[in-house]
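*Asks:* Here you go, this is upload.pdb (PDB, C-alpha atoms).
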ATOM      1  CA  MET A   1      71.938 129.581 132.452
ATOM      2  CA  ASN A   2      69.700 126.554 132.832
ATOM      3  CA  ARG A   3      70.809 122.963 132.413
ATOM      4  CA  ALA A   4      69.329 122.469 128.910
ATOM      5  CA  VAL A   5      71.048 125.575 127.518
ATOM      6  CA  ARG A   6      74.324 124.514 129.099
ATOM      7  CA  GLY A   7      73.922 121.059 127.549
ATOM      8  CA  VAL A   8      73.258 122.467 124.062
ATOM      9  CA  ARG A   9      76.193 124.851 124.467
ATOM     10  CA  ALA A  10      78.527 122.044 125.580
ATOM     11  CA  PHE A  11      77.342 119.877 122.659
ATOM     12  CA  GLY A  12      77.998 122.695 120.200
ATOM     13  CA  LEU A  13      81.399 123.447 121.702
ATOM     14  CA  PHE A  14      82.377 119.758 121.530
ATOM     15  CA  TRP A  15      81.618 119.545 117.796
ATOM     16  CA  TRP A  16      83.185 122.937 117.081
ATOM     17  CA  ASP A  17      86.363 121.814 118.846
ATOM     18  CA  PHE A  18      86.228 118.349 117.241
ATOM     19  CA  ILE A  19      85.851 119.652 113.680
ATOM     20  CA  VAL A  20      87.300 123.156 113.552
ATOM     21  CA  GLY A  21      90.103 122.798 116.118
ATOM     22  CA  ASP A  22      92.657 125.476 116.902
ATOM     23  CA  ASP A  23      92.493 127.642 113.792
ATOM     24  CA  TRP A  24      89.033 128.433 112.392
ATOM     25  CA  ARG A  25      90.628 130.201 109.428
ATOM     26  CA  ILE A  26      91.810 126.828 108.072
ATOM     27  CA  ALA A  27      88.237 125.489 108.113
ATOM     28  CA  ALA A  28      86.880 128.679 106.538
ATOM     29  CA  GLY A  29      89.641 128.671 103.906
ATOM     30  CA  VAL A  30      88.994 125.029 102.978
ATOM     31  CA  ILE A  31      85.260 125.749 102.496
ATOM     32  CA  VAL A  32      86.005 128.817 100.338
ATOM     33  CA  ALA A  33      88.589 126.894  98.259
ATOM     34  CA  LEU A  34      86.166 123.996  97.689
ATOM     35  CA  GLY A  35      83.465 126.505  96.661
ATOM     36  CA  LEU A  36      85.845 128.146  94.178
ATOM     37  CA  THR A  37      86.817 124.710  92.816
ATOM     38  CA  ALA A  38      83.135 123.837  92.344
ATOM     39  CA  ALA A  39      82.537 127.161  90.566
ATOM     40  CA  LEU A  40      85.587 126.668  88.352
ATOM     41  CA  ALA A  41      84.459 123.117  87.511
ATOM     42  CA  ARG A  42      81.435 124.620  85.709
ATOM     43  CA  THR A  43      83.785 126.337  83.251
ATOM     44  CA  SER A  44      86.264 124.860  80.792
ATOM     45  CA  VAL A  45      89.239 125.891  82.974
ATOM     46  CA  PRO A  46      91.119 122.991  84.697
ATOM     47  CA  THR A  47      90.366 122.906  88.439
ATOM     48  CA  TRP A  48      92.852 120.435  89.948
ATOM     49  CA  TRP A  49      95.568 123.040  90.718
ATOM     50  CA  LEU A  50      93.389 125.226  92.929
ATOM     51  CA  MET A  51      93.196 123.028  96.059
ATOM     52  CA  PRO A  52      96.961 122.297  96.322
ATOM     53  CA  VAL A  53      97.671 126.021  95.999
ATOM     54  CA  ALA A  54      94.959 126.866  98.555
ATOM     55  CA  VAL A  55      96.267 124.233 100.993
ATOM     56  CA  ALA A  56      99.838 125.542 100.686
ATOM     57  CA  LEU A  57      98.628 129.093 101.370
ATOM     58  CA  LEU A  58      96.343 128.084 104.266
ATOM     59  CA  LEU A  59      98.993 125.970 105.983
ATOM     60  CA  GLY A  60     101.714 128.545 105.385
ATOM     61  CA  THR A  61      99.711 131.462 106.785
ATOM     62  CA  SER A  62      98.483 129.400 109.748
ATOM     63  CA  LEU A  63     102.059 128.374 110.620
ATOM     64  CA  TRP A  64     103.212 131.971 110.232
ATOM     65  CA  ARG A  65     100.475 133.196 112.596
ATOM     66  CA  SER A  66     101.494 130.586 115.188
ATOM     67  CA  VAL A  67     105.161 131.544 114.940
ATOM     68  CA  ARG A  68     104.345 135.250 115.239
ATOM     69  CA  SER A  69     102.092 134.660 118.244
ATOM     70  CA  SER A  70     104.906 132.687 119.915
ATOM     71  CA  ASP A  71     107.060 135.789 119.230
ATOM     72  CA  ASN A  72     104.650 138.008 121.154
ATOM     73  CA  SER A  73     104.140 135.641 124.079
TER      74      SER A  73
ATOM     75  CA  MET B   1      97.526 103.143  89.572
ATOM     76  CA  THR B   2      96.661  99.466  90.014
ATOM     77  CA  TYR B   3      93.806  98.388  92.269
ATOM     78  CA  LEU B   4      96.371  96.626  94.456
ATOM     79  CA  MET B   5      98.352  99.847  94.954
ATOM     80  CA  ARG B   6      95.196 101.807  95.670
ATOM     81  CA  ASP B   7      94.023  99.216  98.207
ATOM     82  CA  PHE B   8      97.458  99.210  99.844
ATOM     83  CA  LEU B   9      97.396 103.008 100.239
ATOM     84  CA  LEU B  10      93.879 102.796 101.702
ATOM     85  CA  VAL B  11      94.886 100.202 104.318
ATOM     86  CA  LEU B  12      98.108 102.091 105.100
ATOM     87  CA  ALA B  13      96.318 105.426 105.600
ATOM     88  CA  VAL B  14      93.632 103.876 107.819
ATOM     89  CA  PHE B  15      96.182 101.785 109.747
ATOM     90  CA  VAL B  16      98.488 104.712 110.602
ATOM     91  CA  ALA B  17      95.605 107.040 111.494
ATOM     92  CA  CYS B  18      94.012 104.400 113.727
ATOM     93  CA  VAL B  19      97.312 103.595 115.475
ATOM     94  CA  VAL B  20      97.463 107.237 116.610
ATOM     95  CA  GLU B  21      93.868 107.191 117.914
ATOM     96  CA  SER B  22      94.366 103.822 119.618
ATOM     97  CA  VAL B  23      97.513 104.999 121.383
ATOM     98  CA  GLU B  24      95.595 107.966 122.823
ATOM     99  CA  ALA B  25      92.701 105.794 124.022
ATOM    100  CA  LEU B  26      95.031 103.159 125.451
ATOM    101  CA  THR B  27      96.991 105.790 127.390
ATOM    102  CA  ILE B  28      93.819 106.812 129.238
ATOM    103  CA  VAL B  29      92.658 103.229 129.851
ATOM    104  CA  LEU B  30      96.099 102.130 131.123
ATOM    105  CA  ALA B  31      96.418 105.136 133.447
ATOM    106  CA  VAL B  32      93.011 104.525 135.038
ATOM    107  CA  GLY B  33      93.242 100.721 135.091
ATOM    108  CA  VAL B  34      96.700 100.591 136.676
ATOM    109  CA  THR B  35      95.870 103.095 139.428
ATOM    110  CA  ARG B  36      92.241 102.261 140.263
ATOM    111  CA  GLY B  37      91.794  98.667 139.191
ATOM    112  CA  TRP B  38      90.589  97.049 136.011
ATOM    113  CA  HIS B  39      87.004  96.098 136.900
ATOM    114  CA  ALA B  40      85.198  99.414 136.384
ATOM    115  CA  THR B  41      87.746 100.481 133.790
ATOM    116  CA  MET B  42      86.992  97.498 131.576
ATOM    117  CA  ARG B  43      83.257  98.086 132.047
ATOM    118  CA  GLY B  44      83.846 101.612 130.793
ATOM    119  CA  VAL B  45      85.771 100.241 127.823
ATOM    120  CA  ALA B  46      82.974  97.772 127.054
ATOM    121  CA  ALA B  47      80.272 100.450 127.361
ATOM    122  CA  GLY B  48      82.289 102.781 125.132
ATOM    123  CA  LEU B  49      82.709 100.074 122.483
ATOM    124  CA  ALA B  50      78.991  99.189 122.643
ATOM    125  CA  THR B  51      77.960 102.838 122.198
ATOM    126  CA  LEU B  52      80.423 103.132 119.367
ATOM    127  CA  ALA B  53      78.973 100.059 117.645
ATOM    128  CA  VAL B  54      75.462 101.570 117.787
ATOM    129  CA  ILE B  55      76.684 104.872 116.324
ATOM    130  CA  VAL B  56      78.625 103.127 113.546
ATOM    131  CA  ALA B  57      75.652 100.876 112.742
ATOM    132  CA  ALA B  58      73.414 103.959 112.515
ATOM    133  CA  LEU B  59      75.810 106.098 110.501
ATOM    134  CA  GLY B  60      77.303 103.467 108.200
ATOM    135  CA  PRO B  61      74.286 102.973 105.929
ATOM    136  CA  ALA B  62      73.481 106.700 106.053
ATOM    137  CA  LEU B  63      76.931 107.505 104.754
ATOM    138  CA  THR B  64      76.782 105.035 101.877
ATOM    139  CA  VAL B  65      73.400 106.207 100.458
ATOM    140  CA  ILE B  66      74.676 109.762 100.081
ATOM    141  CA  PRO B  67      75.630 110.481  96.431
ATOM    142  CA  ILE B  68      79.316 109.716  96.014
ATOM    143  CA  ASN B  69      80.337 113.191  94.833
ATOM    144  CA  ALA B  70      78.512 114.925  97.678
ATOM    145  CA  LEU B  71      80.186 112.457 100.068
ATOM    146  CA  ARG B  72      83.590 113.148  98.543
ATOM    147  CA  LEU B  73      83.069 116.892  98.845
ATOM    148  CA  VAL B  74      81.997 116.769 102.511
ATOM    149  CA  VAL B  75      84.521 114.123 103.507
ATOM    150  CA  GLY B  76      87.302 115.736 101.476
ATOM    151  CA  GLY B  77      86.615 119.020 103.247
ATOM    152  CA  LEU B  78      86.540 117.410 106.701
ATOM    153  CA  LEU B  79      89.692 115.403 106.054
ATOM    154  CA  LEU B  80      91.428 118.534 104.846
ATOM    155  CA  ILE B  81      90.414 120.440 107.974
ATOM    156  CA  PHE B  82      91.487 117.556 110.276
ATOM    157  CA  GLY B  83      94.625 116.828 108.250
ATOM    158  CA  LEU B  84      95.784 120.437 108.120
ATOM    159  CA  GLY B  85      95.203 120.724 111.875
ATOM    160  CA  TRP B  86      97.330 117.623 112.582
ATOM    161  CA  LEU B  87      99.993 118.655 110.099
ATOM    162  CA  ARG B  88     100.188 122.197 111.468
ATOM    163  CA  LYS B  89     100.741 120.947 115.017
ATOM    164  CA  ALA B  90     103.221 118.253 113.919
ATOM    165  CA  ILE B  91     105.246 120.825 111.950
ATOM    166  CA  LEU B  92     105.280 123.268 114.873
ATOM    167  CA  ARG B  93     106.375 120.438 117.220
ATOM    168  CA  GLY B  94     109.009 119.197 114.776
ATOM    169  CA  ALA B  95     110.405 122.727 114.458
ATOM    170  CA  GLY B  96     110.468 123.274 118.232
ATOM    171  CA  PHE B  97     107.738 125.937 118.383
ATOM    172  CA  LYS B  98     105.383 123.639 120.297
ATOM    173  CA  ALA B  99     106.099 121.153 123.066
ATOM    174  CA  LEU B 100     106.150 117.518 121.940
ATOM    175  CA  HIS B 101     102.970 115.638 122.863
ATOM    176  CA  ASP B 102     104.308 113.649 125.796
ATOM    177  CA  GLU B 103     102.436 110.428 126.554
ATOM    178  CA  ASP B 104     104.431 110.099 129.797
ATOM    179  CA  ALA B 105     103.110 113.460 131.001
ATOM    180  CA  ILE B 106      99.539 112.561 130.008
ATOM    181  CA  PHE B 107      99.825 109.214 131.780
ATOM    182  CA  GLN B 108     101.147 110.940 134.896
ATOM    183  CA  ARG B 109      98.361 113.581 134.801
ATOM    184  CA  GLN B 110      95.650 110.949 134.372
ATOM    185  CA  ARG B 111      97.210 108.921 137.180
ATOM    186  CA  GLU B 112      97.338 111.855 139.611
ATOM    187  CA  ALA B 113      93.755 112.860 138.775
ATOM    188  CA  ALA B 114      92.641 109.251 139.200
ATOM    189  CA  GLU B 115      94.324 108.917 142.592
ATOM    190  CA  HIS B 116      92.561 112.031 143.920
ATOM    191  CA  ALA B 117      89.060 111.106 142.770
ATOM    192  CA  GLU B 118      86.461 109.435 144.978
ATOM    193  CA  HIS B 119      85.686 105.724 144.685
ATOM    194  CA  THR B 120      81.895 105.922 144.394
ATOM    195  CA  GLY B 121      79.058 105.342 141.950
ATOM    196  CA  LEU B 122      76.753 102.913 140.193
ATOM    197  CA  PHE B 123      79.560 100.994 138.459
ATOM    198  CA  GLY B 124      81.670 100.514 141.600
ATOM    199  CA  ASP B 125      84.028 103.250 140.551
ATOM    200  CA  SER B 126      82.239 105.789 138.396
ATOM    201  CA  TYR B 127      85.397 107.790 137.830
ATOM    202  CA  SER B 128      87.264 104.887 136.214
ATOM    203  CA  PHE B 129      84.151 103.933 134.266
ATOM    204  CA  THR B 130      83.581 107.458 132.945
ATOM    205  CA  LEU B 131      87.204 108.100 132.040
ATOM    206  CA  ALA B 132      87.575 104.809 130.193
ATOM    207  CA  PHE B 133      84.158 105.251 128.531
ATOM    208  CA  LYS B 134      84.959 108.767 127.337
ATOM    209  CA  GLY B 135      88.437 107.865 126.127
ATOM    210  CA  VAL B 136      87.294 104.818 124.176
ATOM    211  CA  LEU B 137      84.183 106.504 122.745
ATOM    212  CA  LEU B 138      85.913 109.684 121.597
ATOM    213  CA  GLU B 139      88.961 108.011 120.084
ATOM    214  CA  GLY B 140      86.787 105.187 118.747
ATOM    215  CA  LEU B 141      84.541 107.739 117.012
ATOM    216  CA  GLU B 142      87.587 109.088 115.247
ATOM    217  CA  VAL B 143      88.592 105.560 114.197
ATOM    218  CA  ALA B 144      85.043 104.890 112.937
ATOM    219  CA  PHE B 145      85.046 108.193 111.074
ATOM    220  CA  ILE B 146      88.330 107.334 109.375
ATOM    221  CA  VAL B 147      87.135 103.825 108.434
ATOM    222  CA  LEU B 148      83.733 104.921 107.104
ATOM    223  CA  THR B 149      85.021 107.913 105.155
ATOM    224  CA  PHE B 150      88.133 106.336 103.675
ATOM    225  CA  GLY B 151      86.276 103.078 103.010
ATOM    226  CA  ALA B 152      83.126 104.669 101.539
ATOM    227  CA  ASN B 153      85.145 106.894  99.238
ATOM    228  CA  GLN B 154      86.927 103.919  97.737
ATOM    229  CA  SER B 155      83.797 101.745  97.988
ATOM    230  CA  ASN B 156      85.620  99.345 100.269
ATOM    231  CA  ILE B 157      84.641  99.802 103.910
ATOM    232  CA  PRO B 158      85.621  96.183 104.819
ATOM    233  CA  LEU B 159      89.202  96.779 103.600
ATOM    234  CA  ALA B 160      89.409 100.038 105.569
ATOM    235  CA  ALA B 161      88.074  98.156 108.600
ATOM    236  CA  VAL B 162      90.899  95.607 108.183
ATOM    237  CA  GLY B 163      93.441  98.441 108.508
ATOM    238  CA  ALA B 164      91.657  99.798 111.589
ATOM    239  CA  VAL B 165      91.276  96.407 113.284
ATOM    240  CA  ALA B 166      94.968  95.644 112.638
ATOM    241  CA  ALA B 167      95.936  98.978 114.200
ATOM    242  CA  VAL B 168      93.707  98.515 117.261
ATOM    243  CA  LEU B 169      94.901  94.919 117.785
ATOM    244  CA  LEU B 170      98.531  95.958 117.398
ATOM    245  CA  VAL B 171      98.293  98.842 119.883
ATOM    246  CA  THR B 172      96.218  96.778 122.325
ATOM    247  CA  GLY B 173      98.758  93.954 122.127
ATOM    248  CA  VAL B 174     101.623  96.344 122.703
ATOM    249  CA  GLY B 175      99.730  97.986 125.585
ATOM    250  CA  ILE B 176      99.051  94.651 127.265
ATOM    251  CA  ALA B 177     102.669  93.594 126.772
ATOM    252  CA  ILE B 178     104.275  96.690 128.236
ATOM    253  CA  ARG B 179     101.521  98.006 130.540
ATOM    254  CA  ALA B 180     103.485 101.202 130.847
ATOM    255  CA  PRO B 181     103.537 104.699 129.384
ATOM    256  CA  LEU B 182     103.563 104.725 125.611
ATOM    257  CA  ALA B 183     106.202 107.403 125.273
ATOM    258  CA  ARG B 184     108.382 105.114 123.162
ATOM    259  CA  VAL B 185     105.896 105.371 120.316
ATOM    260  CA  PRO B 186     107.124 108.358 118.291
ATOM    261  CA  GLU B 187     103.743 110.044 118.371
ATOM    262  CA  ASN B 188     104.697 113.247 116.598
ATOM    263  CA  SER B 189     106.184 111.337 113.671
ATOM    264  CA  LEU B 190     102.964 109.329 113.408
ATOM    265  CA  LYS B 191     100.880 112.485 113.544
ATOM    266  CA  PHE B 192     103.052 114.072 110.873
ATOM    267  CA  VAL B 193     102.515 111.100 108.528
ATOM    268  CA  VAL B 194      98.779 110.992 109.314
ATOM    269  CA  GLY B 195      98.512 114.747 108.686
ATOM    270  CA  VAL B 196     100.201 114.329 105.291
ATOM    271  CA  LEU B 197      97.908 111.412 104.330
ATOM    272  CA  LEU B 198      94.664 113.049 105.544
ATOM    273  CA  THR B 199      95.527 116.297 103.778
ATOM    274  CA  SER B 200      96.454 114.479 100.543
ATOM    275  CA  PHE B 201      93.277 112.360 100.497
ATOM    276  CA  GLY B 202      91.297 115.504 101.404
ATOM    277  CA  ILE B 203      92.729 117.437  98.445
ATOM    278  CA  PHE B 204      92.092 114.499  96.095
ATOM    279  CA  TRP B 205      88.496 113.802  97.155
ATOM    280  CA  GLY B 206      87.636 117.481  97.637
ATOM    281  CA  VAL B 207      88.484 118.324  94.014
ATOM    282  CA  GLU B 208      86.625 115.243  92.688
ATOM    283  CA  GLY B 209      83.627 115.997  94.901
ATOM    284  CA  ALA B 210      83.539 119.598  93.697
ATOM    285  CA  GLY B 211      83.217 118.325  90.125
ATOM    286  CA  GLY B 212      86.872 118.587  89.075
ATOM    287  CA  SER B 213      89.122 115.864  87.736
ATOM    288  CA  TRP B 214      92.787 114.972  88.182
ATOM    289  CA  PRO B 215      95.321 114.515  85.415
ATOM    290  CA  GLY B 216      96.228 110.807  85.527
ATOM    291  CA  SER B 217      93.097 110.027  87.575
ATOM    292  CA  ASP B 218      93.903 108.027  90.749
ATOM    293  CA  ALA B 219      97.666 108.106  90.050
ATOM    294  CA  ALA B 220      97.544 111.823  90.916
ATOM    295  CA  LEU B 221      97.216 110.788  94.560
ATOM    296  CA  ILE B 222     100.901 109.796  94.652
ATOM    297  CA  GLY B 223     101.857 113.208  93.270
ATOM    298  CA  ILE B 224      99.631 114.949  95.839
ATOM    299  CA  ILE B 225     101.211 112.968  98.709
ATOM    300  CA  ALA B 226     104.686 113.886  97.415
ATOM    301  CA  PHE B 227     103.648 117.550  97.135
ATOM    302  CA  VAL B 228     102.191 117.709 100.668
ATOM    303  CA  LEU B 229     105.068 115.697 102.198
ATOM    304  CA  GLY B 230     107.706 117.838 100.472
ATOM    305  CA  GLY B 231     105.999 121.065 101.538
ATOM    306  CA  ALA B 232     105.606 119.879 105.134
ATOM    307  CA  LEU B 233     109.247 118.737 105.409
ATOM    308  CA  ALA B 234     110.404 122.058 103.935
ATOM    309  CA  ALA B 235     108.224 123.891 106.479
ATOM    310  CA  VAL B 236     109.746 121.899 109.371
ATOM    311  CA  ALA B 237     113.291 122.603 108.114
ATOM    312  CA  GLY B 238     112.628 126.323 107.576
ATOM    313  CA  LEU B 239     110.867 126.834 110.908
ATOM    314  CA  ARG B 240     113.479 124.805 112.805
ATOM    315  CA  ARG B 241     116.205 127.084 111.409
ATOM    316  CA  LEU B 242     114.173 130.126 112.490
ATOM    317  CA  HIS B 243     113.638 128.606 115.950
ATOM    318  CA  ASP B 244     117.348 127.853 116.369
ATOM    319  CA  GLU B 245     118.298 131.379 115.288
ATOM    320  CA  ARG B 246     115.870 132.870 117.801
ATOM    321  CA  SER B 247     117.126 130.611 120.581
ATOM    322  CA  ALA B 248     120.741 131.567 119.826
ATOM    323  CA  ARG B 249     119.824 135.281 119.783
ATOM    324  CA  ALA B 250     117.934 134.941 123.075
ATOM    325  CA  ARG B 251     120.973 133.311 124.707
ATOM    326  CA  VAL B 252     123.240 136.166 123.521
ATOM    327  CA  ASP B 253     120.771 138.851 124.676
ATOM    328  CA  ALA B 254     120.118 137.238 128.070
ATOM    329  CA  PRO B 255     121.739 139.036 131.023
ATOM    330  CA  PRO B 256     124.521 137.085 132.767
ATOM    331  CA  VAL B 257     123.323 134.951 135.643
ATOM    332  CA  ALA B 258     124.305 136.484 138.998
ATOM    333  CA  THR B 259     126.473 134.252 141.145
ATOM    334  CA  VAL B 260     125.511 133.802 144.769
ATOM    335  CA  GLN B 261     128.216 134.631 147.303
ATOM    336  CA  SER B 262     128.294 132.074 150.067
TER     337      SER B 262
END
Would you mind writing the structure in this file as structure tokens?

*Replies:*
Amino acid sequence: MNRAVRGVRAFGLFWWDFIVGDDWRIAAGVIVALGLTAALARTSVPTWWLMPVAVALLLGTSLWRSVRSSDNS
Amino acid sequence: MTYLMRDFLLVLAVFVACVVESVEALTIVLAVGVTRGWHATMRGVAAGLATLAVIVAALGPALTVIPINALRLVVGGLLLIFGLGWLRKAILRGAGFKALHDEDAIFQRQREAAEHAEHTGLFGDSYSFTLAFKGVLLEGLEVAFIVLTFGANQSNIPLAAVGAVAAVLLVTGVGIAIRAPLARVPENSLKFVVGVLLTSFGIFWGVEGAGGSWPGSDAALIGIIAFVLGGALAAVAGLRRLHDERSARARVDAPPVATVQS
């Protein structure tokens, strides 16, 4: 791997680590939940409840995965 | 919610978040400065701050010309991702499933690494320079991000900057006064509070940015903070009970320790 490719790769990894962190599913879930909220906002249905519910589910499942992985280690 | 209350919450959120970042940066700077001297270390700090100033000057205007709802959506999403990450780790640490972030251990690691590195380079001691530069730039970027995003979302970057400057001055003052490991600062508690605040602001701005609206407008933020805080505290309590049960079971299941005959 040449130096330029390594540099680009390191740059990408830095930002991935900086933004996404340990659990990529949280980032993916937040994007999906915001997309659903935006879609719901185009209808007459109230949208405010969706993100708190999504956050509770995302955090709960992420914590559960961590606890289970500590079980297996 | 009154403007005064809203401004207070803004300064508080920025202040607490920036205290955490400043403590991390200061730990690195102290470790390198104490073991290898302050000359190159302070040059690294200065270079890091200068680079940071250029980045903030370049990004600040760019952030504020973005349409406010698009900004809220992007920033809300990022804050949620950061906040949930912090909160997740703080809950796992609080419950005993993850080791507490130990500033003493970090200080010791930085110190050992610093003592084994070579004293060479353009800045007299490139190792000290680079470590201090990296520490200040990375943590400073996070401070700048918090100030610009929180401030731009409430159209009050100067007020957010006041919270950040107060935090940096406070931690710097404390660091100068003690010049020792910062283990006395209850870092996990700070991270827990920051995680709750980032997540709450992220939920609030994310919904507004996506085109939704909150019942009670800005006052909903207090309800969101209470919801996130309550959920996080319940998670810590539930997981701590689970951790204690597992530990007790492991002790019962463990084979008896063999005694050595002398």

*Asks:* Have a look at CA of Leu84 in chain B and CA of Val168 in chain B and let me know their distance in Å, one decimal.

*Replies:* 23.8 Å

*Asks:* Listing only residues of chain B within 10 Å of chain A, what is the closest atom pair and its distance in Å (to one decimal) for each, using only C-alpha atoms, sorted by chain and residue number ascending, as a Markdown table?

*Replies:*
| residue | atom | partner | partner_atom | distance |
| --- | --- | --- | --- | --- |
| B:Leu73 | CA | A:Leu34 | CA | 7.8 |
| B:Val74 | CA | A:Ile31 | CA | 9.6 |
| B:Gly76 | CA | A:Leu34 | CA | 9.2 |
| B:Gly77 | CA | A:Val30 | CA | 6.5 |
| B:Leu78 | CA | A:Ile19 | CA | 7.4 |
| B:Leu79 | CA | A:Ile19 | CA | 9.5 |
| B:Leu80 | CA | A:Val30 | CA | 7.2 |
| B:Ile81 | CA | A:Ala27 | CA | 5.5 |
| B:Phe82 | CA | A:Ile19 | CA | 6.9 |
| B:Leu84 | CA | A:Leu59 | CA | 6.7 |
| B:Gly85 | CA | A:Gly21 | CA | 7.0 |
| B:Trp86 | CA | A:Gly21 | CA | 9.6 |
| B:Leu87 | CA | A:Leu59 | CA | 8.5 |
| B:Arg88 | CA | A:Leu63 | CA | 6.5 |
| B:Lys89 | CA | A:Leu63 | CA | 8.7 |
| B:Ile91 | CA | A:Leu63 | CA | 8.3 |
| B:Leu92 | CA | A:Leu63 | CA | 7.4 |
| B:Phe97 | CA | A:Val67 | CA | 7.1 |
| B:Lys98 | CA | A:Ser70 | CA | 9.1 |
| B:Leu138 | CA | A:Phe18 | CA | 9.7 |
| B:Glu142 | CA | A:Phe18 | CA | 9.6 |
| B:Thr199 | CA | A:Val55 | CA | 8.4 |
| B:Ser200 | CA | A:Pro52 | CA | 8.9 |
| B:Gly202 | CA | A:Met51 | CA | 9.4 |
| B:Ile203 | CA | A:Met51 | CA | 6.1 |
| B:Phe204 | CA | A:Trp48 | CA | 8.6 |
| B:Gly206 | CA | A:Leu34 | CA | 6.7 |
| B:Val207 | CA | A:Trp48 | CA | 6.3 |
| B:Glu208 | CA | A:Trp48 | CA | 8.6 |
| B:Gly209 | CA | A:Ala38 | CA | 8.3 |
| B:Ala210 | CA | A:Ala38 | CA | 4.5 |
| B:Gly211 | CA | A:Ala41 | CA | 5.6 |
| B:Gly212 | CA | A:Ala41 | CA | 5.4 |
| B:Ser213 | CA | A:Trp48 | CA | 6.3 |
| B:Trp214 | CA | A:Trp48 | CA | 5.7 |
| B:Pro215 | CA | A:Trp48 | CA | 7.9 |
| B:Ala220 | CA | A:Trp48 | CA | 9.9 |
| B:Ile224 | CA | A:Pro52 | CA | 7.8 |
| B:Phe227 | CA | A:Pro52 | CA | 8.2 |
| B:Val228 | CA | A:Ala56 | CA | 8.2 |
| B:Gly231 | CA | A:Ala56 | CA | 7.7 |
| B:Ala232 | CA | A:Leu59 | CA | 9.0 |
| B:Ala235 | CA | A:Gly60 | CA | 8.1 |
| B:Leu239 | CA | A:Val67 | CA | 8.4 |
| B:Leu242 | CA | A:Val67 | CA | 9.4 |
| B:His243 | CA | A:Val67 | CA | 9.0 |
| B:Arg246 | CA | A:Asp71 | CA | 9.4 |

*Asks:* Calculate how many Å separate CA of Val236 in chain B from CA of Ala95 in chain B, rounding to one decimal.

*Replies:* 5.2 Å

*Asks:* Between CA of Leu71 in chain B and CA of Ala164 in chain B, what is the spacing in Å?

*Replies:*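 Separation between CA of Ala164 in chain B and CA of Leu71 in chain B: 20.6 Å.
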
*Asks:* Which centre and edge lengths in Å to one decimal define the box along x, y and z that fits every listed atom of range 23-30 of chain A plus 5 Å per side, as lines of an AutoDock Vina configuration file?

*Replies:*
center_x = 89.7
center_y = 127.6
center_z = 108.4
size_x = 15.6
size_y = 15.2
size_z = 20.8

*Asks:* Of the candidates B:Leu4, B:Val16, B:Leu148, B:Ala70, which one gets nearest to Val56 in chain B if we count only C-alpha atoms?

*Replies:* B:Leu148

*Asks:* Need to verify the contact set: Glu139 in chain B, 7 Å, all atoms listed in the file, exclusion of same-chain residues closer than 5 positions in sequence. Can you return it as a VMD selection string?

*Replies:* chain B and resid 21 to 22 25

*Asks:* For the structure shown, which residues end up in the PyMOL selection byres ((chain B and resi 160) around 6)? Put them as a PyMOL selection string, please?

*Replies:* chain B and resi 11+147+151+157-159+161-163

*Asks:* Once you've located range 8-21 of chain A in the structure I gave, write it as a PDB file, in the first residue's frame, keeping C-alpha atoms.

*Replies:*
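Saved as part-v7.pdb:
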ATOM      1  CA  VAL A   8      -6.494   8.493   2.902  1.00  0.00           C
ATOM      2  CA  ARG A   9      -7.263   5.306   4.829  1.00  0.00           C
ATOM      3  CA  ALA A  10      -5.978   6.784   8.104  1.00  0.00           C
ATOM      4  CA  PHE A  11      -7.993   9.974   7.476  1.00  0.00           C
ATOM      5  CA  GLY A  12     -11.144   7.953   6.841  1.00  0.00           C
ATOM      6  CA  LEU A  13     -10.565   5.769   9.889  1.00  0.00           C
ATOM      7  CA  PHE A  14     -10.021   8.847  12.086  1.00  0.00           C
ATOM      8  CA  TRP A  15     -13.367  10.380  11.081  1.00  0.00           C
ATOM      9  CA  TRP A  16     -15.179   7.041  11.266  1.00  0.00           C
ATOM     10  CA  ASP A  17     -13.850   6.542  14.796  1.00  0.00           C
ATOM     11  CA  PHE A  18     -14.504  10.188  15.735  1.00  0.00           C
ATOM     12  CA  ILE A  19     -18.131  10.182  14.566  1.00  0.00           C
ATOM     13  CA  VAL A  20     -19.389   6.604  14.661  1.00  0.00           C
ATOM     14  CA  GLY A  21     -17.412   5.295  17.652  1.00  0.00           C
TER      15      GLY A  21
END
